[in-house]
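Novice: So here's query-v4.txt (compact mmCIF, C-alpha atoms and all ligand atoms).
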```
# COMPACT_ATOMS: atom_id res chain seq x y z
CA MET A 1 116.80 187.91 22.60
CA ALA A 2 116.92 185.07 20.10
CA VAL A 3 114.66 182.00 20.17
CA SER A 4 115.15 178.80 18.26
CA LEU A 5 112.89 175.76 18.56
CA THR A 6 114.88 172.62 17.78
CA PHE A 7 113.56 169.09 17.29
CA ASP A 8 115.65 165.94 17.56
CA VAL A 9 113.96 163.40 15.30
CA ASP A 10 115.51 160.33 16.92
CA GLY A 11 112.66 157.99 16.01
CA PHE A 12 113.65 154.49 14.95
CA THR A 13 117.30 154.98 15.84
CA ALA A 14 116.44 155.34 19.53
CA ALA A 15 115.11 151.77 19.45
CA TYR A 16 118.49 150.56 18.20
CA THR A 17 120.32 152.57 20.82
CA ARG A 18 118.42 150.65 23.47
CA ASP A 19 118.55 147.20 21.90
CA PRO A 20 120.93 147.03 18.92
CA VAL A 21 120.34 143.32 18.31
CA ARG A 22 116.58 142.89 18.48
CA ALA A 23 115.18 146.40 17.84
CA HIS A 24 113.54 145.36 14.58
CA GLU A 25 111.84 142.32 16.07
CA ARG A 26 110.33 144.14 19.04
CA LEU A 27 107.39 145.63 17.26
CA GLY A 28 105.80 147.17 20.35
CA ARG A 29 108.95 149.06 21.32
CA TRP A 30 109.70 149.92 17.71
CA SER A 31 106.26 151.46 17.25
CA GLU A 32 106.77 153.81 20.23
CA PHE A 33 109.83 155.27 18.58
CA ALA A 34 108.41 155.20 15.06
CA TYR A 35 105.59 157.38 16.35
CA GLY A 36 108.06 160.31 16.39
CA PRO A 37 108.85 160.72 12.69
CA THR A 38 105.63 159.21 11.34
CA VAL A 39 102.87 160.61 13.60
CA GLY A 40 104.37 163.25 15.91
CA LEU A 41 106.38 165.07 13.26
CA PRO A 42 103.47 165.91 10.88
CA LYS A 43 101.45 167.28 13.79
CA ILE A 44 104.36 169.43 14.94
CA LEU A 45 104.89 170.73 11.39
CA ARG A 46 101.22 171.75 11.20
CA LEU A 47 101.50 173.56 14.53
CA LEU A 48 104.61 175.45 13.41
CA GLU A 49 102.91 176.40 10.17
CA GLU A 50 99.89 177.71 12.04
CA TYR A 51 102.09 179.94 14.20
CA GLU A 52 104.45 180.81 11.34
CA VAL A 53 107.48 179.57 13.23
CA ARG A 54 110.48 178.12 11.40
CA ALA A 55 112.52 175.63 13.37
CA THR A 56 115.57 173.38 13.14
CA PHE A 57 115.27 169.60 12.91
CA PHE A 58 118.24 167.43 13.85
CA VAL A 59 117.72 164.23 11.86
CA PRO A 60 119.85 161.05 12.10
CA GLY A 61 120.76 159.80 8.61
CA TYR A 62 118.99 156.48 9.12
CA VAL A 63 115.73 158.23 10.08
CA ALA A 64 115.95 160.27 6.88
CA GLU A 65 116.41 157.08 4.84
CA LEU A 66 113.46 155.35 6.50
CA CYS A 67 111.15 158.34 6.43
CA PRO A 68 111.97 160.44 3.34
CA GLU A 69 108.47 161.92 3.25
CA GLY A 70 108.96 163.30 6.77
CA VAL A 71 112.21 164.93 5.74
CA ALA A 72 110.61 166.33 2.58
CA ALA A 73 107.82 167.86 4.70
CA ILE A 74 110.40 169.53 6.98
CA VAL A 75 112.16 171.06 3.96
CA ALA A 76 108.84 172.08 2.36
CA GLY A 77 107.91 173.92 5.56
CA GLY A 78 110.98 176.13 5.20
CA HIS A 79 112.71 174.61 8.24
CA GLU A 80 116.36 173.77 8.65
CA ILE A 81 117.66 170.19 8.55
CA ALA A 82 120.71 169.56 10.71
CA HIS A 83 122.93 166.62 11.60
CA HIS A 84 122.26 164.16 14.44
CA ALA A 85 124.67 161.29 13.63
CA TYR A 86 123.68 158.36 11.41
CA MET A 87 122.23 155.75 13.77
CA HIS A 88 122.06 158.15 16.73
CA GLU A 89 125.41 156.73 17.83
CA ASN A 90 126.29 158.06 21.26
CA PRO A 91 129.97 159.14 20.99
CA LEU A 92 130.55 157.55 24.41
CA GLY A 93 129.72 154.18 22.89
CA VAL A 94 132.02 154.35 19.85
CA ALA A 95 135.78 154.64 19.44
CA PRO A 96 136.97 158.21 18.69
CA ASP A 97 138.37 157.09 15.33
CA GLN A 98 134.83 156.16 14.22
CA ASP A 99 133.51 159.71 14.71
CA GLU A 100 134.46 160.89 11.24
CA GLU A 101 132.95 157.89 9.46
CA ILE A 102 129.65 158.38 11.32
CA LEU A 103 129.66 162.10 10.57
CA VAL A 104 130.22 161.51 6.86
CA ARG A 105 127.53 158.80 6.72
CA GLY A 106 125.04 161.21 8.26
CA ILE A 107 125.99 164.02 5.86
CA GLU A 108 125.62 161.73 2.86
CA ALA A 109 122.23 160.41 3.95
CA LEU A 110 120.85 163.94 4.43
CA ARG A 111 122.30 165.03 1.12
CA ARG A 112 120.84 162.04 -0.71
CA VAL A 113 117.38 162.08 0.90
CA ALA A 114 116.82 165.77 1.61
CA GLY A 115 119.14 167.40 -0.91
CA VAL A 116 120.62 169.33 2.02
CA ARG A 117 124.21 169.85 3.13
CA PRO A 118 123.85 170.27 6.92
CA VAL A 119 125.86 173.02 8.64
CA GLY A 120 124.59 172.38 12.16
CA TYR A 121 125.20 169.46 14.49
CA ARG A 122 123.84 168.12 17.77
CA ALA A 123 125.49 165.05 19.28
CA PRO A 124 123.23 162.18 20.34
CA ALA A 125 122.68 162.43 24.10
CA VAL A 126 124.57 165.75 23.73
CA GLU A 127 127.83 163.87 24.28
CA THR A 128 130.74 165.54 22.50
CA ARG A 129 134.47 165.21 23.07
CA PRO A 130 137.35 167.68 22.75
CA SER A 131 138.04 166.47 19.20
CA THR A 132 134.44 167.07 18.02
CA PRO A 133 134.59 170.84 17.23
CA ALA A 134 137.65 170.47 14.96
CA LEU A 135 136.06 167.52 13.18
CA LEU A 136 132.90 169.54 12.56
CA ARG A 137 134.84 172.54 11.22
CA ARG A 138 136.86 170.28 8.92
CA HIS A 139 133.60 169.08 7.40
CA GLY A 140 132.25 172.59 6.87
CA PHE A 141 129.92 172.87 9.85
CA ARG A 142 129.08 176.34 11.06
CA TYR A 143 127.69 175.49 14.49
CA ASP A 144 127.20 172.91 17.20
CA ALA A 145 124.15 172.84 19.48
CA SER A 146 125.20 170.16 21.97
CA GLU A 147 126.68 172.14 24.84
CA GLY A 148 125.14 174.02 27.74
CA GLY A 149 128.07 176.23 28.72
CA ASP A 150 126.49 179.68 28.73
CA ASP A 151 123.31 181.75 28.39
CA TYR A 152 124.75 183.29 25.22
CA PRO A 153 126.26 181.83 22.06
CA TYR A 154 130.03 181.46 22.09
CA LEU A 155 132.81 180.36 19.79
CA ILE A 156 134.89 177.21 20.14
CA GLU A 157 138.42 177.58 18.83
CA THR A 158 139.69 175.02 16.32
CA ALA A 159 142.62 174.82 13.91
CA ASP A 160 140.14 175.36 11.06
CA GLY A 161 138.57 178.48 12.54
CA PRO A 162 135.94 178.99 15.21
CA LEU A 163 132.83 176.86 15.53
CA VAL A 164 129.72 178.67 16.79
CA GLU A 165 128.21 177.03 19.87
CA LEU A 166 124.47 177.54 20.49
CA PRO A 167 123.94 176.21 24.01
CA ALA A 168 120.51 174.79 24.79
CA ALA A 169 118.45 175.90 27.76
CA ASN A 170 115.65 173.36 28.16
CA GLY A 171 114.51 170.03 26.78
CA ASP A 172 111.35 167.96 26.75
CA SER A 173 113.18 164.73 27.76
CA GLN A 174 113.63 165.88 31.33
CA HIS A 175 109.85 166.11 31.63
CA PHE A 176 108.37 163.73 29.09
CA ALA A 177 110.82 160.89 28.42
CA TYR A 178 109.12 157.62 29.19
CA GLY A 179 109.28 153.96 28.30
CA GLN A 180 109.72 150.51 29.77
CA ASP A 181 112.45 147.95 29.27
CA PRO A 182 114.73 149.67 29.68
CA LEU A 183 112.96 152.08 31.95
CA ARG A 184 113.49 155.66 30.85
CA GLY A 185 112.65 158.95 32.45
CA THR A 186 111.27 159.48 35.91
CA GLY A 187 107.59 159.32 35.04
CA LEU A 188 105.65 161.76 32.91
CA ALA A 189 105.51 165.30 34.24
CA SER A 190 102.28 167.24 34.16
CA PRO A 191 102.33 169.52 31.10
CA GLU A 192 101.26 172.28 33.48
CA ALA A 193 104.39 171.81 35.62
CA ALA A 194 106.65 171.60 32.55
CA LEU A 195 105.09 174.76 31.14
CA ASP A 196 105.88 176.55 34.38
CA VAL A 197 109.55 175.53 34.14
CA PHE A 198 109.91 176.50 30.48
CA ALA A 199 107.98 179.76 30.78
CA ARG A 200 110.02 180.92 33.78
CA GLU A 201 113.25 180.08 32.00
CA PHE A 202 112.08 181.90 28.89
CA ASP A 203 111.02 185.01 30.85
CA ALA A 204 114.33 185.17 32.72
CA THR A 205 116.28 184.63 29.49
CA TYR A 206 114.29 187.46 27.92
CA ARG A 207 115.32 189.79 30.73
CA ARG A 208 118.96 188.93 30.06
CA GLY A 209 118.59 189.40 26.31
CA ALA A 210 120.15 186.00 25.90
CA LEU A 211 119.65 182.89 23.75
CA PHE A 212 116.76 180.47 24.20
CA VAL A 213 117.40 177.24 22.33
CA SER A 214 114.98 174.53 23.45
CA VAL A 215 115.02 170.85 22.50
CA TYR A 216 111.99 168.70 21.64
CA HIS A 217 111.52 165.16 20.37
CA PRO A 218 108.54 164.36 18.13
CA MET A 219 108.29 160.96 19.90
CA TYR A 220 107.58 162.80 23.17
CA THR A 221 106.21 166.24 22.28
CA GLY A 222 104.19 164.85 19.35
CA ARG A 223 101.80 163.09 21.79
CA PRO A 224 98.43 164.81 22.19
CA SER A 225 98.71 166.55 25.57
CA ARG A 226 102.35 167.49 24.97
CA LEU A 227 101.49 168.98 21.60
CA LEU A 228 98.96 171.23 23.35
CA TRP A 229 101.72 172.04 25.84
CA LEU A 230 104.04 173.10 23.00
CA GLU A 231 101.29 175.27 21.57
CA ARG A 232 100.75 176.99 24.92
CA LEU A 233 104.48 177.49 25.26
CA ILE A 234 104.72 179.08 21.80
CA ARG A 235 101.83 181.39 22.70
CA HIS A 236 103.56 182.34 25.94
CA MET A 237 106.81 183.14 24.14
CA ARG A 238 105.13 185.04 21.35
CA ARG A 239 103.45 187.56 23.60
CA LEU A 240 106.70 189.48 24.15
CA PRO A 241 108.06 192.04 21.65
CA ARG A 242 111.60 192.28 20.28
CA VAL A 243 112.22 188.55 20.19
CA TRP A 244 114.04 187.20 17.15
CA TRP A 245 112.57 183.82 16.14
CA ALA A 246 115.01 182.04 13.87
CA THR A 247 116.46 178.74 12.83
CA ALA A 248 119.64 177.72 14.60
CA ASP A 249 121.64 178.37 11.44
CA GLU A 250 120.28 181.90 11.08
CA ILE A 251 121.45 182.60 14.63
CA ALA A 252 124.82 180.97 13.92
CA ARG A 253 125.30 183.16 10.82
CA HIS A 254 124.53 186.23 12.89
CA CYS A 255 127.07 185.06 15.48
CA GLN A 256 129.73 184.84 12.78
CA SER A 257 129.00 188.43 11.77
CA VAL A 258 129.49 189.67 15.36
CA ALA A 259 132.24 187.20 16.25
CA ASP A 260 134.40 189.87 17.90
CA ARG A 261 131.68 190.37 20.54
CA LEU A 262 131.42 186.70 21.49
CA ALA A 263 133.40 184.76 24.04
CA THR A 264 135.86 182.21 22.68
CA VAL A 265 136.65 178.97 24.44
CA ARG A 266 139.04 176.16 23.68
CA PRO A 267 137.36 172.79 23.17
CA GLU A 268 139.02 171.33 26.24
CA VAL A 269 137.98 174.33 28.40
CA PRO A 270 134.27 175.09 27.87
CA ALA A 271 134.26 177.82 30.53
CA ALA A 272 132.83 180.75 28.61
CA ARG A 273 131.70 182.73 31.63
CA TYR A 274 135.21 183.31 32.91
CA LEU A 275 136.47 184.79 29.69
CA ARG A 276 134.10 187.67 29.16
CA PRO A 277 132.63 190.46 31.28
CA GLU A 278 128.93 190.21 32.14
CA PRO A 279 126.86 191.83 29.35
CA SER A 280 125.22 195.03 30.50
CA ALA A 281 121.87 194.59 28.74
ZN ZN A 301 118.73 162.46 19.84
```
What does the file become when written as structure tokens?
Ligand code: ZN

Specialist:
Amino acid sequence: MAVSLTFDVDGFTAAYTRDPVRAHERLGRWSEFAYGPTVGLPKILRLLEEYEVRATFFVPGYVAELCPEGVAAIVAGGHEIAHHAYMHENPLGVAPDQDEEILVRGIEALRRVAGVRPVGYRAPAVETRPSTPALLRRHGFRYDASEGGDDYPYLIETADGPLVELPAANGDSQHFAYGQDPLRGTGLASPEAALDVFAREFDATYRRGALFVSVYHPMYTGRPSRLLWLERLIRHMRRLPRVWWATADEIARHCQSVADRLATVRPEVPAARYLRPEPSA
């Protein structure tokens, strides 16, 4: 089994997603989102250091520019920095011919601020389109972590070679997204209830010897009771032997080395399960 903790550092950009015109003037709203990269992130990094876990952080370019010290701390902790658009642009909200410009802007921001050339991508709101995998391969990306098409990693065929897909199992948004105007989420879940969901999913994934990629946001999971929740979850997951804890890119590299054993899907047909026999382990 492979485990990768991944953090989407949406921060300030999420404020713009919700109110592109006045985000900067709405200090109350802005502060809720700023909490992620400025307050939640350092606490999460300390927790990961304590448990000696390396993780992957998907950082929008604009967040990197506004919070270079946060990005530097991620790199200093030995974690991976990956791509999460520039202004957290949801592909559904932009014309397809803008995708490449946004991708390049994000790459350049991460290169400039973090000195990193990202090889992993997660789409904002996990919205990708059939043209996304080819675009990512053209720009040298090794993997995407936006889909949810299988319990195991798979390959997405493109004209420039296969893109590794690391499908995610669980996210904190479903439990802990909150906010007013516009109203988000369905009310905060009890950390106890969320732990039950995550722990059961982890245990079942362990039995299948599959992939457990989970998604967290410092603006949600960085809050005090949710941080304790993440710690309890890490402790739960760490009690089992023979689990490979890795960054998403380490898993993607491994996938490339065993590519002949992975299912391959075409971008327009993300139906991995139909193309491969059920693994025996
Ligand atoms: Zn995001």

Novice: Give me the residues within 7 Å of Asp10 of chain A as a PyMOL selection string, counting all atoms listed in the file and dropping any in the same chain fewer than 5 places off.

Specialist: chain A and resi 59-60+88

Novice: Set out as JSON lines a contact list for chain A and ligand ZN 301 (chain A) with a cut-off of 6 Å, giving each residue of chain A that qualifies its closest atom pair and distance in Å to one decimal, counting only C-alpha atoms and all ligand atoms, ordered by chain and rising residue number.

Specialist:
```
{"residue": "A:Asp8", "atom": "CA", "partner": "A:ZN301", "partner_atom": "ZN", "distance": 5.2}
{"residue": "A:Asp10", "atom": "CA", "partner": "A:ZN301", "partner_atom": "ZN", "distance": 4.8}
{"residue": "A:Pro124", "atom": "CA", "partner": "A:ZN301", "partner_atom": "ZN", "distance": 4.5}
{"residue": "A:Ala125", "atom": "CA", "partner": "A:ZN301", "partner_atom": "ZN", "distance": 5.8}
```

Novice: Take the residues that were just selected and, keeping C-alpha atoms, output them as a short mmCIF file (atom, residue, chain, number, x, y, z; two decimals), in the frame of the given file.

Specialist:
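result.cif, written as the output of this step:
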```cif
data_model
loop_
_atom_site.label_atom_id
_atom_site.label_comp_id
_atom_site.auth_asym_id
_atom_site.auth_seq_id
_atom_site.Cartn_x
_atom_site.Cartn_y
_atom_site.Cartn_z
CA ASP A 8 115.65 165.94 17.56
CA ASP A 10 115.51 160.33 16.92
CA PRO A 124 123.23 162.18 20.34
CA ALA A 125 122.68 162.43 24.10
#
```

Novice: Excluding Leu45 of chain A and its own-chain neighbours fewer than 3 positions away, which residues fall within 8 Å of it when counting all atoms listed in the file? Please give them as a PyMOL selection string.

Specialist: chain A and resi 41-42+48-49+73-74+77

Novice: Save the residues we just selected, C-alpha atoms, as a CSV table (one decimal), keeping the file's coordinate frame?

Specialist:
```csv
chain,number,residue,atom,x,y,z
A,41,LEU,CA,106.4,165.1,13.3
A,42,PRO,CA,103.5,165.9,10.9
A,48,LEU,CA,104.6,175.4,13.4
A,49,GLU,CA,102.9,176.4,10.2
A,73,ALA,CA,107.8,167.9,4.7
A,74,ILE,CA,110.4,169.5,7.0
A,77,GLY,CA,107.9,173.9,5.6
```

Novice: Which distance in Å separates atom CA of Tyr86 of chain A and atom CA of Ala123 of chain A, to one decimal?

Specialist: 10.5 Å

Novice: What is the distance, in Å and to one decimal place, between atom CA of Leu211 of chain A and atom CA of Leu233 of chain A?

Specialist: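 Atom-to-atom, atom CA of Leu211 of chain A and atom CA of Leu233 of chain A are spaced 16.2 Å apart.
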
Novice: Rounded to one decimal place, report the atom CA of Thr205 of chain A-atom CA of Ala2 of chain A distance in Å.

Specialist: 9.4 Å

Novice: Pick the closest to Asp260 of chain A from A:Leu188, A:Leu155, A:Val116, A:Leu66: which is it, counting all atoms listed in the file?

Specialist: A:Leu155

Novice: As a short mmCIF file (atom, residue, chain, number, x, y, z; two decimals) with C-alpha atoms, keeping the file's coordinate frame, please: the residues near Cys67 of chain A (cut-off 10 Å, all atoms listed in the file, same-chain neighbours under 5 positions excluded).

Specialist:
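part-v7.cif, freshly written:
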```cif
data_model
loop_
_atom_site.label_atom_id
_atom_site.label_comp_id
_atom_site.auth_asym_id
_atom_site.auth_seq_id
_atom_site.Cartn_x
_atom_site.Cartn_y
_atom_site.Cartn_z
CA GLY A 11 112.66 157.99 16.01
CA PHE A 12 113.65 154.49 14.95
CA ALA A 34 108.41 155.20 15.06
CA PRO A 37 108.85 160.72 12.69
CA THR A 38 105.63 159.21 11.34
CA GLY A 61 120.76 159.80 8.61
CA TYR A 62 118.99 156.48 9.12
CA ALA A 72 110.61 166.33 2.58
CA VAL A 113 117.38 162.08 0.90
#
```

Novice: Which residue out of A:Asp196, A:Glu101, A:Glu52, A:Glu250 has the minimum interatomic distance to Arg238 of chain A when only C-alpha atoms are used?

Specialist: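 Using only C-alpha atoms, Arg238 of chain A sits closest to A:Glu52.
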
Novice: Taking all atoms listed in the file into account, name the residue in A:Phe212, A:Tyr16, A:Phe58, A:Tyr178 that is nearest to Met87 of chain A.

Specialist: A:Tyr16

Novice: With distances taken over only C-alpha atoms, which residue among A:Ala109, A:Ala64, A:Val3, A:Leu227 lies nearest Pro191 of chain A?

Specialist: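 Looking at the shortest contact to Pro191 of chain A, the residue is A:Leu227.
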
Novice: What's the 12 Å shell around Trp229 of chain A, counting only C-alpha atoms, without same-chain residues fewer than 5 positions away, as a ChimeraX atom specification?

Specialist: /A:44,47,172,175-176,189-199,216,220-224,234-236

Novice: Looking at A:Ala55, A:Val75, A:Met219, A:Val213, which one is nearest to Ala14 of chain A, with distances taken over all atoms listed in the file?

Specialist: A:Met219

Novice: Please work out which residues fall within 10 Å of (131.7, 170.2, 6.5), coordinates as given in the file, with all atoms listed in the file counting, and return them as a PyMOL selection string.

Specialist: chain A and resi 103-104+107+117-120+135-142

Novice: Could you check the closest approach to Gly161 of chain A for each of A:Thr56, A:Thr264, A:Thr6, A:Ser31 and tell me which residue wins, using all atoms listed in the file?

Specialist: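 The answer is A:Thr264, which sits nearest to Gly161 of chain A.
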
Novice: Generate N, CA and C atoms for segment 75-88 of chain A and emit them as a short mmCIF file (atom, residue, chain, number, x, y, z; two decimals), in the coordinates of the input.

Specialist:
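Writing done, so here's part_33.cif:
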```cif
data_model
loop_
_atom_site.label_atom_id
_atom_site.label_comp_id
_atom_site.auth_asym_id
_atom_site.auth_seq_id
_atom_site.Cartn_x
_atom_site.Cartn_y
_atom_site.Cartn_z
N VAL A 75 111.56 170.13 4.93
CA VAL A 75 112.16 171.06 3.96
C VAL A 75 111.07 171.94 3.34
N ALA A 76 109.93 171.32 2.99
CA ALA A 76 108.84 172.08 2.36
C ALA A 76 108.30 173.16 3.29
N GLY A 77 108.39 172.93 4.60
CA GLY A 77 107.91 173.92 5.56
C GLY A 77 108.89 175.07 5.78
N GLY A 78 110.01 175.05 5.08
CA GLY A 78 110.98 176.13 5.20
C GLY A 78 111.87 176.01 6.43
N HIS A 79 111.91 174.82 7.03
CA HIS A 79 112.71 174.61 8.24
C HIS A 79 114.13 174.18 7.86
N GLU A 80 114.98 174.20 8.86
CA GLU A 80 116.36 173.77 8.65
C GLU A 80 116.51 172.30 9.03
N ILE A 81 117.29 171.57 8.22
CA ILE A 81 117.66 170.19 8.55
C ILE A 81 119.11 170.19 9.03
N ALA A 82 119.35 169.60 10.18
CA ALA A 82 120.71 169.56 10.71
C ALA A 82 121.07 168.12 11.08
N HIS A 83 122.32 167.95 11.46
CA HIS A 83 122.93 166.62 11.60
C HIS A 83 122.76 166.08 13.02
N HIS A 84 122.42 164.78 13.12
CA HIS A 84 122.26 164.16 14.44
C HIS A 84 122.78 162.72 14.38
N ALA A 85 124.00 162.58 13.83
CA ALA A 85 124.67 161.29 13.63
C ALA A 85 123.95 160.45 12.57
N TYR A 86 124.36 159.21 12.41
CA TYR A 86 123.68 158.36 11.41
C TYR A 86 122.66 157.47 12.11
N MET A 87 123.13 156.65 13.04
CA MET A 87 122.23 155.75 13.77
C MET A 87 122.06 156.24 15.20
N HIS A 88 122.14 157.56 15.38
CA HIS A 88 122.06 158.15 16.73
C HIS A 88 123.14 157.53 17.63
#
```
